[in-house]
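One structure is given below, encoded as structure tokens.
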Amino acid sequence: MKHFFVNPFLQIIFLALVALGLFLPTTLSFFYIWTSKENLTYSHGLLLLAVCIYLIYLQWNDNKKSVETRYSVFGVAGTLLMSLLWFLVTLGNVQIGQQFFLIFVIIFIFIAILGIKQAKLFLYPLFILIFAMPVWDFLNIYLRTISTKAVGIMLGYTDIVSFVEGFTIFIPSGTFLVDNGCAGTGQFITALSIAYIFVFMQAMQWWLRLSLIVLAVITGLVSNFVRIFVIIVSGHLTNMEHYFVTVEHVSLGWVVFAIGIMLYLFIASKLAVRFALKAVESETDNEDARQEGDDVSQIMNHRIRLTVVSVFLILASLSAGPALAYYYQLENASALERIESVIPEFEEWKLIDTDVPGTKLEPDFRGADRHMYSSYEDVDGHIVEVNFYEYFIQHQGKEAVNDLNEVFLEEQWKLQSRMKYSPSTGPDDFELNLSKIVSRYGQEKIVWQWYEINNTWTASDIAAKLLNIRGILFHSPKVRVIIVSANVNQSEDATNALLTEFVSRMSHGLNSY
């Protein structure tokens, strides 16, 4: 037990494990992503975690004689802030935000125990985990574009007749689609990670660090170009019967990448030796020299009291976010128990029963706590369909704002156009999402979709998230997804005018629903 009070490394390990336990859903989300068999882009995550721990150990082992406990009020405050920010993004079910703030919770634990100056030794290894977060998918479209164009140029230097259209490469033997799995995002991130680790472990000037990172990016890109090129050439030479075409080619990509990265490390090592900086011994304050008359027992007792108070404050800071998340989860559950299902009625529109095959709109919003479908008819016989989806309790996979939610089922309807639309009703500057779709029977339909949160209408996913967070904080967690639609029988303008009239009536009677 005595070692715990004098060894800051043991205190950091203890607090980090407590943090991973308190933020357990977020901790597990990392492992779900890293071990997913459906998306291998982040399968290097476990390896990067092991590298991160190993580099922290090396730093500690090299500096353990000079590193000592220096409790930092800034570190404790930072830990509290990161915990509270984690709580806010948890209310909005933003998984990437939760993972980001968990990493910074661990970073501020180091700062809280060691102080800013000493904690800097361990920041580089901790930042490695950023490369294992699922924040890099936005690169897919750019990497696909670059890869497709580059391979098209490479094929131009061969005798293979080829044609590139979008992300598709045509050759006489067959067609190749460069989809998201062929973008090379995994190799790109891995190359960046290796370069980051390499430049961190070497003493070199900033321009060389930047050059080696750029070289790693080029290595990752070229490796993917070569992979796609080899697959296409193999298909051409075997009339599309090669193993890489008929079975799998993921392993080929990593073999090519391994060769490329070994060449990169060879070149980088030579450059690092050529332009190496002389090691500069850092000056550290040495407080081990104490007056001969100091009372060792008194110093130890003071250290124990200081450690207990500091660790307690850090634990309290860590617990703030998860405790608030648990409290508001119970609040939302009690709100769910009080809801009642009542079909709303609107002035001058009567409820009707209609279920015409091929024309009824059936959206798919996953996990809604309440879904109500109804049809309304005006005096002229025009029909408007309404779908309400309400969410009181939300978590990953059960969210009002989710990329997996569908305003219409793609197997029943085909999208013709999608745009933002400002009707002449509702709040000022209100925009909604307008989709024009057509069924397999040829029936066209106009669909309007937006969110209603605490009497505020918005079609923006980000705004909906932020409004929902504010609503939960003030004990009003409900998010309502509103989808109104009508068949196009005369013209699009006439249909939009019909929906505008209906929404105008609906906006007056919806608050009581």
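Within each chain, counting starts at residue 1; across the structure tokens, chains are named A, B, ... in the order shown, with ligands numbered 1 upward in that order.
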Next on the checklist: Need the shell around A:Ala463: protein/DNA/RNA residues with any atom at most 10 Å away, counting only C-alpha atoms. Skip same-chain ones fewer than 5 positions apart. Format as a PyMOL selection string?
Outcome noted: chain A and resi 451+453+457-458+468-469
Checklist entry - Could you name the residues that touch A:Asp380 at 12 Å or less, counting only C-alpha atoms, but leaving out those on the same chain fewer than 2 positions away, as a PyMOL selection string? => result chain A and resi 348-350+376-378+382-384+498
Where does DSSP see helix (DSSP H, G or I) in stretch 8-156 of chain A, if you list the residues as a PDB file with C-alpha atoms, in the first residue's frame?
```pdb
ATOM      1  CA  PRO A   8       2.508   8.053  -9.415  1.00  0.00           C
ATOM      2  CA  PHE A   9       2.443   5.320 -12.070  1.00  0.00           C
ATOM      3  CA  LEU A  10       0.352   3.065  -9.798  1.00  0.00           C
ATOM      4  CA  GLN A  11      -2.039   5.937  -9.129  1.00  0.00           C
ATOM      5  CA  ILE A  12      -2.443   6.547 -12.877  1.00  0.00           C
ATOM      6  CA  ILE A  13      -3.093   2.854 -13.549  1.00  0.00           C
ATOM      7  CA  PHE A  14      -5.710   2.744 -10.783  1.00  0.00           C
ATOM      8  CA  LEU A  15      -7.514   5.886 -11.970  1.00  0.00           C
ATOM      9  CA  ALA A  16      -7.364   4.845 -15.642  1.00  0.00           C
ATOM     10  CA  LEU A  17      -8.963   1.474 -14.827  1.00  0.00           C
ATOM     11  CA  VAL A  18     -11.661   3.215 -12.775  1.00  0.00           C
ATOM     12  CA  ALA A  19     -12.316   5.574 -15.713  1.00  0.00           C
ATOM     13  CA  LEU A  20     -12.633   2.685 -18.177  1.00  0.00           C
ATOM     14  CA  GLY A  21     -15.125   1.073 -15.800  1.00  0.00           C
ATOM     15  CA  LEU A  22     -17.174   4.233 -15.215  1.00  0.00           C
ATOM     16  CA  LEU A  24     -17.838   1.191 -19.716  1.00  0.00           C
ATOM     17  CA  PRO A  25     -20.300   1.580 -22.654  1.00  0.00           C
ATOM     18  CA  THR A  26     -17.793   3.839 -24.410  1.00  0.00           C
ATOM     19  CA  THR A  27     -14.898   1.521 -23.547  1.00  0.00           C
ATOM     20  CA  LEU A  28     -16.770  -1.416 -25.049  1.00  0.00           C
ATOM     21  CA  SER A  29     -17.677   0.599 -28.152  1.00  0.00           C
ATOM     22  CA  PHE A  30     -13.972   0.796 -29.002  1.00  0.00           C
ATOM     23  CA  PHE A  31     -13.635  -2.980 -28.848  1.00  0.00           C
ATOM     24  CA  TYR A  32     -16.825  -3.538 -30.864  1.00  0.00           C
ATOM     25  CA  ILE A  33     -15.410  -1.389 -33.662  1.00  0.00           C
ATOM     26  CA  TRP A  34     -11.917  -2.896 -33.505  1.00  0.00           C
ATOM     27  CA  LEU A  40     -12.227  -4.086 -41.087  1.00  0.00           C
ATOM     28  CA  THR A  41     -11.132  -0.450 -41.456  1.00  0.00           C
ATOM     29  CA  TYR A  42     -10.335  -0.162 -37.749  1.00  0.00           C
ATOM     30  CA  GLY A  45      -7.169  -0.649 -33.139  1.00  0.00           C
ATOM     31  CA  LEU A  46      -6.131  -3.402 -30.732  1.00  0.00           C
ATOM     32  CA  LEU A  47      -2.596  -3.300 -32.110  1.00  0.00           C
ATOM     33  CA  LEU A  48      -2.424   0.475 -31.648  1.00  0.00           C
ATOM     34  CA  LEU A  49      -3.700   0.104 -28.081  1.00  0.00           C
ATOM     35  CA  ALA A  50      -0.892  -2.374 -27.328  1.00  0.00           C
ATOM     36  CA  VAL A  51       1.652  -0.026 -28.949  1.00  0.00           C
ATOM     37  CA  CYS A  52       0.287   2.901 -26.911  1.00  0.00           C
ATOM     38  CA  ILE A  53       0.673   0.976 -23.635  1.00  0.00           C
ATOM     39  CA  TYR A  54       4.153  -0.201 -24.607  1.00  0.00           C
ATOM     40  CA  LEU A  55       5.356   3.307 -25.491  1.00  0.00           C
ATOM     41  CA  ILE A  56       3.975   4.672 -22.211  1.00  0.00           C
ATOM     42  CA  TYR A  57       5.898   1.944 -20.396  1.00  0.00           C
ATOM     43  CA  LEU A  58       9.102   2.825 -22.265  1.00  0.00           C
ATOM     44  CA  GLN A  59       8.699   6.489 -21.401  1.00  0.00           C
ATOM     45  CA  TRP A  60       8.072   5.642 -17.778  1.00  0.00           C
ATOM     46  CA  ASN A  61      10.985   3.241 -17.596  1.00  0.00           C
ATOM     47  CA  ASP A  62      13.355   5.827 -19.113  1.00  0.00           C
ATOM     48  CA  ASN A  63      12.208   8.635 -16.823  1.00  0.00           C
ATOM     49  CA  VAL A  73      -5.497  21.552 -10.118  1.00  0.00           C
ATOM     50  CA  PHE A  74      -5.626  22.152 -13.881  1.00  0.00           C
ATOM     51  CA  GLY A  75      -5.544  18.392 -14.447  1.00  0.00           C
ATOM     52  CA  VAL A  76      -8.393  17.781 -11.991  1.00  0.00           C
ATOM     53  CA  ALA A  77     -10.462  20.571 -13.568  1.00  0.00           C
ATOM     54  CA  GLY A  78      -9.729  19.167 -17.038  1.00  0.00           C
ATOM     55  CA  THR A  79     -10.826  15.701 -15.931  1.00  0.00           C
ATOM     56  CA  LEU A  80     -14.096  17.148 -14.619  1.00  0.00           C
ATOM     57  CA  LEU A  81     -14.653  19.116 -17.831  1.00  0.00           C
ATOM     58  CA  MET A  82     -14.013  16.082 -20.069  1.00  0.00           C
ATOM     59  CA  SER A  83     -16.372  13.978 -17.928  1.00  0.00           C
ATOM     60  CA  LEU A  84     -19.133  16.587 -18.244  1.00  0.00           C
ATOM     61  CA  LEU A  85     -18.576  16.957 -21.999  1.00  0.00           C
ATOM     62  CA  TRP A  86     -18.799  13.170 -22.289  1.00  0.00           C
ATOM     63  CA  PHE A  87     -22.137  13.392 -20.482  1.00  0.00           C
ATOM     64  CA  LEU A  88     -23.456  16.008 -22.934  1.00  0.00           C
ATOM     65  CA  VAL A  89     -22.525  14.035 -26.050  1.00  0.00           C
ATOM     66  CA  THR A  90     -23.965  10.937 -24.379  1.00  0.00           C
ATOM     67  CA  LEU A  91     -27.310  12.733 -24.132  1.00  0.00           C
ATOM     68  CA  GLN A  95     -20.541   7.846 -30.089  1.00  0.00           C
ATOM     69  CA  ILE A  96     -17.494   9.474 -31.678  1.00  0.00           C
ATOM     70  CA  GLY A  97     -17.782  12.317 -29.181  1.00  0.00           C
ATOM     71  CA  GLN A  98     -17.971   9.854 -26.297  1.00  0.00           C
ATOM     72  CA  GLN A  99     -14.825   8.078 -27.487  1.00  0.00           C
ATOM     73  CA  PHE A 100     -12.980  11.341 -28.060  1.00  0.00           C
ATOM     74  CA  PHE A 101     -13.690  12.654 -24.567  1.00  0.00           C
ATOM     75  CA  LEU A 102     -12.825   9.316 -22.956  1.00  0.00           C
ATOM     76  CA  ILE A 103      -9.352   9.531 -24.491  1.00  0.00           C
ATOM     77  CA  PHE A 104      -8.993  13.049 -23.095  1.00  0.00           C
ATOM     78  CA  VAL A 105     -10.221  11.883 -19.693  1.00  0.00           C
ATOM     79  CA  ILE A 106      -7.212   9.524 -19.623  1.00  0.00           C
ATOM     80  CA  ILE A 107      -4.922  12.339 -20.811  1.00  0.00           C
ATOM     81  CA  PHE A 108      -6.069  14.653 -18.016  1.00  0.00           C
ATOM     82  CA  ILE A 109      -5.564  11.874 -15.454  1.00  0.00           C
ATOM     83  CA  PHE A 110      -1.879  11.951 -16.404  1.00  0.00           C
ATOM     84  CA  ILE A 111      -1.850  15.749 -16.080  1.00  0.00           C
ATOM     85  CA  ALA A 112      -3.691  15.626 -12.734  1.00  0.00           C
ATOM     86  CA  ILE A 113      -1.118  13.247 -11.238  1.00  0.00           C
ATOM     87  CA  LEU A 114       2.102  14.437 -12.891  1.00  0.00           C
ATOM     88  CA  GLY A 115       1.475  18.068 -13.769  1.00  0.00           C
ATOM     89  CA  ILE A 116       1.582  19.486 -17.296  1.00  0.00           C
ATOM     90  CA  LYS A 117       5.366  19.485 -17.737  1.00  0.00           C
ATOM     91  CA  GLN A 118       5.904  15.825 -16.820  1.00  0.00           C
ATOM     92  CA  ALA A 119       2.688  14.627 -18.482  1.00  0.00           C
ATOM     93  CA  LYS A 120       3.978  15.864 -21.855  1.00  0.00           C
ATOM     94  CA  LEU A 121       6.232  12.794 -21.922  1.00  0.00           C
ATOM     95  CA  PHE A 122       3.153  10.572 -22.276  1.00  0.00           C
ATOM     96  CA  LEU A 123       0.917  12.629 -24.552  1.00  0.00           C
ATOM     97  CA  TYR A 124       2.396  11.366 -27.831  1.00  0.00           C
ATOM     98  CA  PRO A 125       1.635   7.696 -27.038  1.00  0.00           C
ATOM     99  CA  LEU A 126      -1.897   8.563 -25.890  1.00  0.00           C
ATOM    100  CA  PHE A 127      -2.665  10.512 -29.058  1.00  0.00           C
ATOM    101  CA  ILE A 128      -1.997   7.329 -31.053  1.00  0.00           C
ATOM    102  CA  LEU A 129      -5.499   6.208 -30.074  1.00  0.00           C
ATOM    103  CA  ILE A 130      -6.962   8.971 -32.271  1.00  0.00           C
ATOM    104  CA  PHE A 131      -5.937   6.827 -35.246  1.00  0.00           C
ATOM    105  CA  ALA A 132      -8.099   3.998 -33.906  1.00  0.00           C
ATOM    106  CA  ASP A 137     -14.674   7.278 -42.791  1.00  0.00           C
ATOM    107  CA  PHE A 138     -15.159  10.699 -44.373  1.00  0.00           C
ATOM    108  CA  LEU A 139     -11.949   9.992 -46.312  1.00  0.00           C
ATOM    109  CA  ASN A 140     -13.576   7.125 -48.221  1.00  0.00           C
ATOM    110  CA  ILE A 141     -15.044   9.243 -50.999  1.00  0.00           C
ATOM    111  CA  TYR A 142     -11.753  11.113 -51.555  1.00  0.00           C
ATOM    112  CA  LEU A 143      -9.607   7.966 -51.428  1.00  0.00           C
ATOM    113  CA  ARG A 144     -11.976   6.188 -53.836  1.00  0.00           C
ATOM    114  CA  THR A 145     -11.744   9.098 -56.257  1.00  0.00           C
ATOM    115  CA  ILE A 146      -7.950   9.284 -56.088  1.00  0.00           C
ATOM    116  CA  SER A 147      -7.540   5.510 -56.383  1.00  0.00           C
ATOM    117  CA  THR A 148      -9.900   5.196 -59.359  1.00  0.00           C
ATOM    118  CA  LYS A 149      -8.231   8.001 -61.300  1.00  0.00           C
ATOM    119  CA  ALA A 150      -4.713   6.806 -60.455  1.00  0.00           C
ATOM    120  CA  VAL A 151      -5.422   3.231 -61.561  1.00  0.00           C
ATOM    121  CA  GLY A 152      -7.038   4.554 -64.737  1.00  0.00           C
ATOM    122  CA  ILE A 153      -3.815   6.414 -65.513  1.00  0.00           C
ATOM    123  CA  MET A 154      -1.732   3.325 -64.730  1.00  0.00           C
ATOM    124  CA  LEU A 155      -3.834   1.206 -67.101  1.00  0.00           C
ATOM    125  CA  GLY A 156      -3.226   3.791 -69.805  1.00  0.00           C
TER     126      GLY A 156
END
```
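Each of A:Lys414, A:His242, A:Arg209, A:Lys465 was compared to A:Ser269 using only C-alpha atoms, and A:Arg209 turns out to be the nearest.
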Item to check | d(atom CA of A:Leu271, atom CA of A:Ile194) in Å | outcome: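 Between atom CA of A:Leu271 and atom CA of A:Ile194 the gap works out to 15.7 Å.
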Next on the checklist: Using only C-alpha atoms for the distances, tell me which of A:Val230, A:Ile352, A:Leu306, A:Leu409 is nearest to A:Tyr71.
Outcome noted: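 Among A:Val230, A:Ile352, A:Leu306, A:Leu409, it is A:Leu306 that comes nearest to A:Tyr71.
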Next on the checklist: Using only C-alpha atoms for the distances, tell me which of A:Leu351, A:Ala258, A:Ile232, A:Ile446 is nearest to A:Leu434.
Outcome noted: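 For A:Leu434, the nearest of the candidates is A:Ile446.
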